[in-house]
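To keep things clear, I will list the structure first and then write my remarks on it.
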Amino acid sequence: MPRMSALDSALHQLAGAAEQLGLDDGMHQLLATPRRSMEVAVPLRRDDGSLTVLKGYRVQHNFSRGPAKGGIRFHPDTDLDEVRALAMWMTWKCALIGIPYGGAKGGVAVDPRSLSRIELERVTRRYASEIMPIIGPEKDIPAPDVGTEEQTMDWIMDTYSAHQGYTVTGVVTGKPVSIGGSQGRGGATSRGVMYAAFSALAEAGVDHRGATVAVQGFGKVGGLAAQYLHDAGCRVVAVSDVQGGVFRGAGLNPAALIARLREGAESVVGSPGTDTITNEELLELDVDVLVPAALDGVISEENADRVKARFVVEGANGPTTPDGDAVLEGNGTVVVPDILANSGGVAVSYFEWVQDLQAWFWSEDEVNDRLKGLMTRAYDDVSALAAERGISLRTAAQTIGVGRVADAHRTRGLYP
Ligand code: GLU
């Protein structure tokens, strides 16, 4: 059976929330349909002089609570349906944590590792200029996602500003601090993953100190999540990247693994003193906390029964499919859903945008304190609704997010 797509998963989850909320068919249909979808050609002159044409997308799922917000991913498998699903998740995520945005997502179907730095800059600037009519600090504010980073946001900001004729820092978030980025944005998603994990552990009466952790994905989210969890006293026994994983029962030192990659190693695999494992094996380790922080659909009906972790804290967007969810729920696994667990990134993106619009910048402690406050409140809202209705944390989180967006639609009314 083919694995459920991200869009099927997102629509399935929306249907669950619609049922909880008793939404009528019209409202359900309105929320299932993206407000605006753009597909663009991104022609690229390669360094060898040849021309290749890539596909790019930007989907704005909803604006009812404010400008659209969401990342841009560069990944060879990105397509319009995936971007639609990711944009929809952004809408619920922003509503759930109470920041005044709708949801969007963008992508270019390309493997960034196959491009030289100058090719990457050309792709980014051309894509930015193609989506320029629909982005802007009051309209839609992109940010990093899989395969993009601070440098990508810097190029987008610069391209947009060149066309406006003045510097517009608030058009993207996740920028370098030197050009209007926020303190604490780089590690924000990972820090949020840690807060979400600690909330879930505390609720179950489990001390996080000494808790064993496995992290799938050692990129922007997974690498720092592993480090923060380790620094807070957890025992991180396994991490992985696209090439595979490493295991050490006595605990790994994530900072040393990150340093090794910075020094030029291609993968965590081969780190001294570790055993090599596969990504599949990592998901099935007997640990307290599993953090899938790579791509969507990695826990499905096929392997969910073999997941032994007591807590799954979703650093990635959509790592568990609905049929995988059902198996985990049946086994008593606590799943802290993506729109809650990985919301630290967009939370600090919001702080960055506020700082840019005010041209008034905060200290890292202020950013981290506000992030903690926002995420703890969101977790408490979700856990209270889950307990009240006897539903999973995922359904509760979706119900709160979708409910707030439906409310905004009702309050604003339908034009014309
Ligand atoms: N790409 C991140 C996410 O999926 C961050 C989005 C943002 O900051 O706008 O939540």
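Letters A, B, ... go to the chains of the structure tokens in the order shown; residues in each chain start at 1; ligands are counted from 1 in the same order.
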How close does each residue of chain A get to ligand 1, giving the shortest atom pair and distance in Å to one decimal for every residue with an atom at most 8 Å away, counting only C-alpha atoms and all ligand atoms, sorted by chain and residue number, as JSON lines?
```
{"residue": "A:Lys69", "atom": "CA", "partner": "ligand 1", "partner_atom_place_in_ligand_line": "9 (O)", "distance": 4.9}
{"residue": "A:Gly70", "atom": "CA", "partner": "ligand 1", "partner_atom_place_in_ligand_line": "9 (O)", "distance": 3.6}
{"residue": "A:Gly71", "atom": "CA", "partner": "ligand 1", "partner_atom_place_in_ligand_line": "1 (N)", "distance": 4.0}
{"residue": "A:Ile72", "atom": "CA", "partner": "ligand 1", "partner_atom_place_in_ligand_line": "1 (N)", "distance": 6.8}
{"residue": "A:Arg73", "atom": "CA", "partner": "ligand 1", "partner_atom_place_in_ligand_line": "1 (N)", "distance": 7.9}
{"residue": "A:Leu86", "atom": "CA", "partner": "ligand 1", "partner_atom_place_in_ligand_line": "4 (O)", "distance": 7.4}
{"residue": "A:Met90", "atom": "CA", "partner": "ligand 1", "partner_atom_place_in_ligand_line": "10 (O)", "distance": 6.4}
{"residue": "A:Lys93", "atom": "CA", "partner": "ligand 1", "partner_atom_place_in_ligand_line": "10 (O)", "distance": 7.7}
{"residue": "A:Lys105", "atom": "CA", "partner": "ligand 1", "partner_atom_place_in_ligand_line": "1 (N)", "distance": 8.0}
{"residue": "A:Ile141", "atom": "CA", "partner": "ligand 1", "partner_atom_place_in_ligand_line": "9 (O)", "distance": 6.8}
{"residue": "A:Pro142", "atom": "CA", "partner": "ligand 1", "partner_atom_place_in_ligand_line": "9 (O)", "distance": 5.7}
{"residue": "A:Ala143", "atom": "CA", "partner": "ligand 1", "partner_atom_place_in_ligand_line": "9 (O)", "distance": 4.6}
{"residue": "A:Pro144", "atom": "CA", "partner": "ligand 1", "partner_atom_place_in_ligand_line": "1 (N)", "distance": 5.3}
{"residue": "A:Asp145", "atom": "CA", "partner": "ligand 1", "partner_atom_place_in_ligand_line": "1 (N)", "distance": 4.0}
{"residue": "A:Val146", "atom": "CA", "partner": "ligand 1", "partner_atom_place_in_ligand_line": "1 (N)", "distance": 7.3}
{"residue": "A:Thr173", "atom": "CA", "partner": "ligand 1", "partner_atom_place_in_ligand_line": "8 (O)", "distance": 6.4}
{"residue": "A:Gly174", "atom": "CA", "partner": "ligand 1", "partner_atom_place_in_ligand_line": "8 (O)", "distance": 6.8}
{"residue": "A:Thr189", "atom": "CA", "partner": "ligand 1", "partner_atom_place_in_ligand_line": "2 (C)", "distance": 7.6}
{"residue": "A:Ala316", "atom": "CA", "partner": "ligand 1", "partner_atom_place_in_ligand_line": "4 (O)", "distance": 7.6}
{"residue": "A:Asn317", "atom": "CA", "partner": "ligand 1", "partner_atom_place_in_ligand_line": "4 (O)", "distance": 6.3}
{"residue": "A:Ile339", "atom": "CA", "partner": "ligand 1", "partner_atom_place_in_ligand_line": "10 (O)", "distance": 7.7}
{"residue": "A:Asn342", "atom": "CA", "partner": "ligand 1", "partner_atom_place_in_ligand_line": "10 (O)", "distance": 6.3}
{"residue": "A:Ser343", "atom": "CA", "partner": "ligand 1", "partner_atom_place_in_ligand_line": "10 (O)", "distance": 5.7}
{"residue": "A:Gly344", "atom": "CA", "partner": "ligand 1", "partner_atom_place_in_ligand_line": "10 (O)", "distance": 7.6}
{"residue": "A:Gly345", "atom": "CA", "partner": "ligand 1", "partner_atom_place_in_ligand_line": "5 (C)", "distance": 4.8}
{"residue": "A:Val346", "atom": "CA", "partner": "ligand 1", "partner_atom_place_in_ligand_line": "8 (O)", "distance": 3.5}
{"residue": "A:Ala347", "atom": "CA", "partner": "ligand 1", "partner_atom_place_in_ligand_line": "8 (O)", "distance": 7.0}
{"residue": "A:Val348", "atom": "CA", "partner": "ligand 1", "partner_atom_place_in_ligand_line": "8 (O)", "distance": 7.1}
{"residue": "A:Ser349", "atom": "CA", "partner": "ligand 1", "partner_atom_place_in_ligand_line": "8 (O)", "distance": 4.6}
{"residue": "A:Tyr350", "atom": "CA", "partner": "ligand 1", "partner_atom_place_in_ligand_line": "8 (O)", "distance": 7.3}
```
TODO: Name the residues of stretch 65-222 of chain A that fall into strand (DSSP E or B) according to DSSP on the backbone, using the chain letters and numbers of this document, as a list of chain:residue names.
DONE: A:Ala68, A:Lys69, A:Gly70, A:Gly71, A:Ile72, A:Arg73, A:Phe74, A:Gly102, A:Gly103, A:Ala104, A:Lys105, A:Gly106, A:Gly107, A:Val108, A:Gly136, A:Asp140, A:Ile141, A:Pro142, A:Ala143, A:Pro144, A:Thr212, A:Val213, A:Ala214, A:Val215, A:Gln216
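Our summary of the geometry notes that atom CA of A:Gly373 is positioned 13.8 Å from atom CA of A:Ala341.
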Output as a Markdown table one row per residue of stretch 65-144 of chain A within 12 Å of stretch 288-308 of chain A: the closest atom pair and its distance in Å to one decimal place, counting only C-alpha atoms, sorted by chain and residue number ascending.
```
| residue | atom | partner | partner_atom | distance |
| --- | --- | --- | --- | --- |
| A:Arg73 | CA | A:Leu295 | CA | 11.2 |
| A:His75 | CA | A:Leu295 | CA | 10.4 |
| A:Asp77 | CA | A:Leu295 | CA | 10.8 |
| A:Thr78 | CA | A:Leu295 | CA | 11.1 |
| A:Glu82 | CA | A:Asp296 | CA | 9.6 |
| A:Val83 | CA | A:Asp296 | CA | 11.8 |
| A:Ala85 | CA | A:Asp296 | CA | 10.5 |
| A:Leu86 | CA | A:Asp296 | CA | 9.8 |
```
List the spatial neighbours of A:Asp47 as an mmCIF file with N, CA and C atoms, in the first residue's frame - criterion: any atom at most 12 Å away, only C-alpha atoms, same-chain residues fewer than 5 positions off excluded.
```cif
data_model
loop_
_atom_site.group_PDB
_atom_site.id
_atom_site.type_symbol
_atom_site.label_atom_id
_atom_site.label_comp_id
_atom_site.auth_asym_id
_atom_site.auth_seq_id
_atom_site.Cartn_x
_atom_site.Cartn_y
_atom_site.Cartn_z
ATOM 1 N N THR A 52 18.856 25.088 -17.095
ATOM 2 C CA THR A 52 17.894 24.094 -16.621
ATOM 3 C C THR A 52 16.730 24.852 -15.986
ATOM 4 N N SER A 114 23.287 19.765 -4.787
ATOM 5 C CA SER A 114 23.800 19.514 -6.140
ATOM 6 C C SER A 114 24.204 20.813 -6.831
ATOM 7 N N LEU A 115 24.024 21.952 -6.149
ATOM 8 C CA LEU A 115 24.325 23.240 -6.764
ATOM 9 C C LEU A 115 25.551 23.878 -6.115
ATOM 10 N N SER A 116 26.274 24.660 -6.910
ATOM 11 C CA SER A 116 27.365 25.454 -6.320
ATOM 12 C C SER A 116 26.713 26.605 -5.557
ATOM 13 N N ARG A 117 27.519 27.297 -4.763
ATOM 14 C CA ARG A 117 26.968 28.390 -3.967
ATOM 15 C C ARG A 117 26.382 29.491 -4.849
ATOM 16 N N ILE A 118 27.052 29.770 -5.946
ATOM 17 C CA ILE A 118 26.561 30.851 -6.817
ATOM 18 C C ILE A 118 25.289 30.388 -7.548
ATOM 19 N N GLU A 119 25.214 29.090 -7.893
ATOM 20 C CA GLU A 119 23.979 28.577 -8.511
ATOM 21 C C GLU A 119 22.814 28.677 -7.524
ATOM 22 N N LEU A 120 23.111 28.359 -6.275
ATOM 23 C CA LEU A 120 22.081 28.432 -5.233
ATOM 24 C C LEU A 120 21.588 29.874 -5.076
ATOM 25 N N GLU A 121 22.517 30.792 -5.140
ATOM 26 C CA GLU A 121 22.129 32.207 -5.029
ATOM 27 C C GLU A 121 21.250 32.601 -6.214
ATOM 28 N N ARG A 122 21.616 32.132 -7.430
ATOM 29 C CA ARG A 122 20.807 32.478 -8.617
ATOM 30 C C ARG A 122 19.405 31.893 -8.498
#
```
Kindly assemble as a Markdown table a list of the stretch 102-183 of chain A residues that lie within 9 Å of stretch 358-362 of chain A, each paired with its nearest atom pair and their distance in Å to one decimal, using only C-alpha atoms, sorted first by chain and then by ascending residue number.
```
| residue | atom | partner | partner_atom | distance |
| --- | --- | --- | --- | --- |
| A:Gly180 | CA | A:Ala359 | CA | 8.3 |
| A:Ser182 | CA | A:Phe361 | CA | 7.4 |
| A:Gln183 | CA | A:Trp362 | CA | 7.3 |
```
Open item on the list: Rounded to one decimal, what separation in Å do you get between atom CA of A:Gln398 and atom CA of A:Leu14?
Closed with: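 Taking atom CA of A:Gln398 and atom CA of A:Leu14, their separation equals 7.1 Å.
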Task: DSSP-assigned helix (DSSP H, G or I) among stretch 57-283 of chain A, expressed as number ranges by chain - done: A: 80-96, 112-114, 117-134, 150-164, 169-171, 177-179, 188-203, 220-231, 254-262, 279-283
Open item on the list: Env of A:Tyr127: 12 Å cut, atoms = only C-alpha atoms, seq-sep filter 3 positions within chain, self excluded. Answer as a count of residues only.
Closed with: 37
Interface rows for stretch 285-359 of chain A against stretch 246-261 of chain A: nearest pair, Å to one decimal, 12 Å, only C-alpha atoms, as CSV:
```
residue,atom,partner,partner_atom,distance
A:Leu285,CA,A:Phe247,CA,9.7
A:Asp286,CA,A:Gly249,CA,10.7
A:Val287,CA,A:Gly249,CA,10.2
```
Let's have the selection written as a PDB file, in the first residue's frame, with N, CA and C atoms.
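Result saved to result.pdb:
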```
ATOM      1  N   LEU A 285      14.167   2.324  18.309  1.00  0.00           N
ATOM      2  CA  LEU A 285      14.977   2.129  19.520  1.00  0.00           C
ATOM      3  C   LEU A 285      14.116   2.195  20.781  1.00  0.00           C
ATOM      4  N   ASP A 286      14.572   1.466  21.797  1.00  0.00           N
ATOM      5  CA  ASP A 286      13.868   1.465  23.079  1.00  0.00           C
ATOM      6  C   ASP A 286      14.349   2.666  23.905  1.00  0.00           C
ATOM      7  N   VAL A 287      13.765   3.820  23.626  1.00  0.00           N
ATOM      8  CA  VAL A 287      14.165   5.056  24.326  1.00  0.00           C
ATOM      9  C   VAL A 287      12.921   5.663  24.966  1.00  0.00           C
TER      10      VAL A 287
END
```
Task: Given only C-alpha atoms as the counted atoms, nearest of A:Thr274, A:Gln60, A:Thr33, A:Gln355 to A:Asp140 - done: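 Using only C-alpha atoms, the shortest distance to A:Asp140 belongs to A:Gln60.
The space separating atom CA of A:Phe311 from atom CA of A:Val335 comes to 5.9 Å.
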